[in-house]
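This report concerns only the one structure given below.
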Amino acid sequence: MGSLMLGCVTDFFTYETTKSVVVKSWSVGIINRLVQLLIIVYFVGWVFIHEKAYQVTDTGIESSVMTKVKGFGYHGNRVMDVADYVFPQQVLSVCFCVFQFGDKFSCTTDKDCHKHFGSILTNGVITGVCIQPSNNTENGRCEIEGWCPAENDLVEIRPMLDVNNFTIFIKNSIRFPLFNVTRGNFPTTMTAAEIKSCTYHPETRPFCPIFLVGDVLNYTGQNVDDLGGEIGINIEWKCNLDLDIDYCVPKYSFTRLDAPFAKNAISKGYNFRFAKYFKTENGTDFRTLHKAFAIRFDVMVTGNAGKFNTIPTLINLVAAFTSVGLGTVLCDIILLNFLKGAEQYKAKKFEEVMHAQIEASLAQSPGSQLSLKPCIKSSYDSGAISLATSD
């Protein structure tokens, strides 16, 4: 037991150092250089050039967006301008009354209506009163307080096709707080006349801030004429601040945000309701209820900026130089496990030196050093490398 403990303590307080063994083998040498070349190409091509690992990056972009829509169109017999067509109209209800009756809630007594209190399936608020028909041949109906006539979803919808000719002006300003850099989505040198006369095109006019609605819909490849939809306009900023600031420009992309629901049987498109209220001369309250089928444009801004910095450069250089050593690890695995003469390689690479041996050698030859003279010889028959020690 004591010898076992002594052995464990001795092994714990040993020191390992590397030993350099030169192996002149074409196969191992080619593998070593090939692995090193791949690692260097990866770090130079991907890490430093593509990913720009020598830069510090600011992803906390600050953004402000302002939009204006212009254009005229016909809806029915009416000319629609900016103040109108943000709510494409469909008149569903034009008068107000105190009570209306819900056909879905039949009853014989008032108690039958009480269980429907708070229901969201009605066109108003259930009062709890059961109205009996005059002929007494049918069940009664629960009384509902609300606007009448009730909304009719069967009214034919006629889209305003002129919407394709409307224009959207987008003004976007961004700031990267880490570098205190601010930019706008169109050049400051553009005059008012140039802005009014241009229309965005991804190739010929990529920096024009005016977008034709029909073009935006074509870019998404979606048809939203019938029930409307949600369109996303993404403004992406990717800025390399090591270059001139004029190269920091936006890139636009377009997508339909509600595409997963486009083929659903329910909840397709985009619509909302709004009402306009007025009174007649006799004091009766009226409202005009509109159900608007619209195209909703969501402008989203993303981006990042990078600039040279010493710290990430040094970190990635150290990582690159360290990774080059993986070639040596791979070659050691091949050399010590798969080639002929692996045991000879192990004997030359791993050597155990006892302190007592060094003291004995120094006692026999004072002032001399323990030296090993390895000699490398080529084996012509097997193609592997044999190592020997000359006397």
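Letters for chains follow the order of the structure tokens (A, B, ...), residue numbers begin at 1 for each chain, and ligand numbers begin at 1 in the order shown.
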
- Task: Can you check which residues of region 94-303 of chain A DSSP gives as alpha helix (DSSP H) on the backbone and send them as a PyMOL selection string?
- Result: chain A and resi 110-114+192-197+213-220

What's the 7 Å shell around Phe308 (chain A), counting only C-alpha atoms, without same-chain residues fewer than 6 positions away, as a tab-separated table (two decimals) with C-alpha atoms, in the first residue's frame?
chain	number	residue	atom	x	y	z
A	54	TYR	CA	-10.23	41.93	-37.37
A	55	GLN	CA	-13.07	44.39	-36.77
A	56	VAL	CA	-15.14	45.31	-33.74
A	242	ASP	CA	-12.68	50.96	-42.79

- Message: Report, in Å to a single decimal, how far apart CA of Ile231 (chain A) and CA of Phe254 (chain A) are.
- Response: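 Taking CA of Phe254 (chain A) as the start and CA of Ile231 (chain A) as the end point, the length is 7.2 Å.
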
- Message: So that I can see what lies close to Ser267 (chain A), please list as a ChimeraX atom specification the residues with an atom at most 12 Å from it, counting only C-alpha atoms and leaving out residues fewer than 4 positions away in the same chain.
- Response: /A:227-229,258-263,271-272,293
